[in-house]
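A.B. asks: One structure follows; several queries about it will come next.
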Amino acid sequence: MQPTSPLGPLAWIERYCPSLDGQFLFLDPLRWDTHLLSAGAVIVLREAALAIEAGCFEAFRAEVAANGGWPAGLERLAVALTALAERAAGTGTEA
Amino acid sequence: MQRSIDLGAASVVVRSPLREFNAQLDLLYRDHSQAGDSGFADVRVALLPGPPWRVWGPQVRLWSEASCPFDPYPLDSALPLFEWGTNWLLAQRLNAHVLLHAGVVAREDRALILPAAPGSGKSTLTCALHLAGWRFLSDEFGVLDTESGLLHPLLKPAALKNRSIDIIGGQPGAVLGPVFAGTRKGDVAHFAPDRASVAARRRPVTPALVVFPRYREGAALRCEPVRRAEAAMRLGLNSFNYRKLGPVGFDAILRLARTAPAWEIEYGALADALPCIEQLFGKAS
C-alpha cells in the first residue's frame with residue numbers, strides 16, 4: 001500500500017499525532033489505523049522520523065535494538081513512516 | 001409499487017409488489033414524503049418474492065444493483081429484510097461522511113451521540129430518550145459531516161429486539177410496526193419516530209455530548225468520564241467507515257472528541273439512565 005500524503009515523516013507526526021489531554025493519537029500513514037500513544041512513545045517515533053529523514057534509519061534501529069528494543073508495536077509505526085520518505089524521494093514500490 | 005423515501009442524509013427507492021410489506025412501509029414511513037421516483041437515490045432496492053416451489057416455504061429476496069447481496073427471508077418478513085438490508089447498503093455507500101455506529105438524539109439542535117456495539121441497548125435508549133422529548137435523528141447512524149462537523153439526521157425506524165419491544169412499545173405515544181417473531185436477531189419490531197423529527201430531517205445538529213452506553217441486566221447506574229483521546233479511539237472503532245476515510249475521518253473524529261465531552265454509563269434500568277443523561281447534557285451546555 002502506498003501513502004497518499006505528500007508529507008514527510010516529521011511533518012506527518014506534526015499533523016497526525018496531536019495531543020489530547022496528555023495522550024497522543026497517531027494515524028498510521030499506510031494502514032490508516034489510529035493508535036493511542038504515550039508521550040514517551042511519541043518521542044521515540046519523532047526520533048525515528050528524524051533518522052528516516054537523515055537517511056540513517058537502519059542505524060537508528062540498531063541503536064534501539066542495542067538499548068533493549070522497541071516499545072510494543074512502535075517499530076511497525078516507525079517503519080510505516082519510511083514509506084512517506086520513500087514516496088517523497090520517488091523510490092517507493094507500487095503496492 | 002415503487003416509492004422514494006427521503007431519509008435526510010440519504011434517500012432510498014424501494015419497489016415491491018408485496019401488499020402487506022407496502023402497508024407496513026405506509027405505517028412506519030407515514031410522515032416521510034414519498035414520491036414515485038425522484039431520480040437519484042443512494043440505495044435502490046426491490047423486495048421480490050422468490051420462486052414458489054421452495055421446500056422451506058415462500059421467501060422474499062432483496063435485490064440491489066441487479067444482485068441479491070443477502071440470503072432470502074421468509075415471505076412475511078420482508079420488512080426486517082428491507083430495514084436491515086438498507087442499513088447495510090447505506091453503511092457501504094455513504095462515504096462522504098463519517099458514519100458512526102450510534103444513536104443520535106437532539107435538544108434545540110444540540111446532539112447527544114450514543115456510540116455503541118450491537119447489543120448495548122443503543123436503540124432502546126435512543127427511543128426512550130425520543131419518547132421523553134428529544135428529537136430523533138437515528139438509532140443506528142451518526143452521520144458526521146467531515147467539513148462542518150455537524151451531524152445529519154438519517155430518519156429510519158428503529159429496530160427494537162426482544163424485551164425492548166414491550167419496554168418501548170408500552171410507553172405512551174410509541175408507534176410500532178408488527179412484531180416479527182424468531183428472526184435471526186430474535187423478535188424484531190420497528191419503532192416510528194415522531195412527525196416533528198421526520199420534518200426536521202434536513203436540519204443538521206451540533207455535537208454537544210457523547211455517551212457510550214452499556215445496558216447490563218440488574219446493573220446499578222455507573223457513570224464515568226472518558227478522556228478525549230480514548231473517546232476518539234472509541235468513536236473510530238464504533239464507525240462503519242472511519243478507516244476508509246483515512247486523514248479525513250481522523251480530522252473529523254478528532255474535532256468531535258475535542259468539542260464534545262464524553263462519558264460512559266452502565267445501567268440496568270432506563271429510569272436510572274435517562275435522568276443521568278439529562279444531567280450530563282445540562283452540564284455540557
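Labeling convention for the C-alpha cells: chains A, B, ... as they appear, residues from 1 per chain, ligands from 1 in order of appearance.
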What are the nearest atom pairs, with distances in Å to one decimal, for all residues of chain B that come at most 7 Å from chain A, using only C-alpha atoms, set out by chain and rising residue number as a Markdown table?

C.D. replies:
```
| residue | atom | partner | partner_atom | distance |
| --- | --- | --- | --- | --- |
| B:Arg228 | CA | A:Leu20 | CA | 6.1 |
| B:Ala229 | CA | A:Leu20 | CA | 5.5 |
| B:Arg243 | CA | A:Trp32 | CA | 5.6 |
| B:Gly246 | CA | A:Trp32 | CA | 5.2 |
```

A.B. asks: Enumerate as a VMD selection string all residues of chain A assigned to helix (DSSP H, G or I) by DSSP on the backbone, naming them with the chain letters and numbers the document uses.

C.D. replies: chain A and resid 9 to 16 39 to 54 57 to 66 74 to 89

A.B. asks: Might you pull out every residue within 12 Å of segment 68-80 of chain A, with only C-alpha atoms counted and same-chain residues fewer than 4 positions away left off, and present them as number ranges by chain?

C.D. replies: A: 1-3, 8-10, 12-13, 17, 26-38, 40-53, 57-58, 60-64, 84-87, 92

A.B. asks: Pick the closest to Arg222 of chain B from B:Gly268, B:Gly182, B:Pro193, B:Gly8: which is it, counting only C-alpha atoms?

C.D. replies: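 Using only C-alpha atoms, Arg222 of chain B sits closest to B:Gly268.
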
A.B. asks: What are the DSSP strand (DSSP E) residues of segment 20-256 of chain B, as a VMD selection string?

C.D. replies: chain B and resid 34 to 35 43 to 49 59 to 63 73 to 74 97 to 107 110 to 115 135 to 138 141 to 145 151 to 152 158 to 161 180 to 183 186 to 191 206 to 215 222 to 226

A.B. asks: Applying 12 Å and only C-alpha atoms, which residues near Cys68 of chain B remain after dropping the ones on its own chain fewer than 6 positions away? List them as a short mmCIF file (atom, residue, chain, number, x, y, z; two decimals) with C-alpha atoms, in the first residue's frame.

C.D. replies:
```
data_model
loop_
_atom_site.label_atom_id
_atom_site.label_comp_id
_atom_site.auth_asym_id
_atom_site.auth_seq_id
_atom_site.Cartn_x
_atom_site.Cartn_y
_atom_site.Cartn_z
CA VAL B 45 -33.80 -2.00 -3.71
CA ALA B 46 -36.58 -4.30 -4.79
CA LEU B 47 -38.23 -6.76 -2.41
CA LEU B 48 -39.45 -9.56 -4.64
CA GLY B 50 -38.75 -15.93 -4.58
CA VAL B 60 -38.57 -12.86 -0.24
CA ARG B 61 -35.31 -11.60 -1.71
CA LEU B 62 -33.78 -8.15 -1.59
CA LEU B 81 -35.05 -7.70 5.43
CA GLY B 85 -30.56 -4.67 4.19
CA LEU B 89 -26.15 -0.87 1.98
#
```

A.B. asks: Rounded to one decimal place, report the atom CA of Ala262 of chain B-atom CA of Leu209 of chain B distance in Å.

C.D. replies: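 If I compute the distance from atom CA of Ala262 of chain B to atom CA of Leu209 of chain B, I get 6.1 Å.
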
A.B. asks: As an exercise, work out the distance from atom CA of Leu270 of chain B to atom CA of Leu155 of chain B in Å and give it to one decimal place.

C.D. replies: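 So the answer is 22.8 Å.
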
A.B. asks: Distance atom CA of Cys276 of chain B-atom CA of Gly236 of chain B, one decimal place?

C.D. replies: 24.7 Å
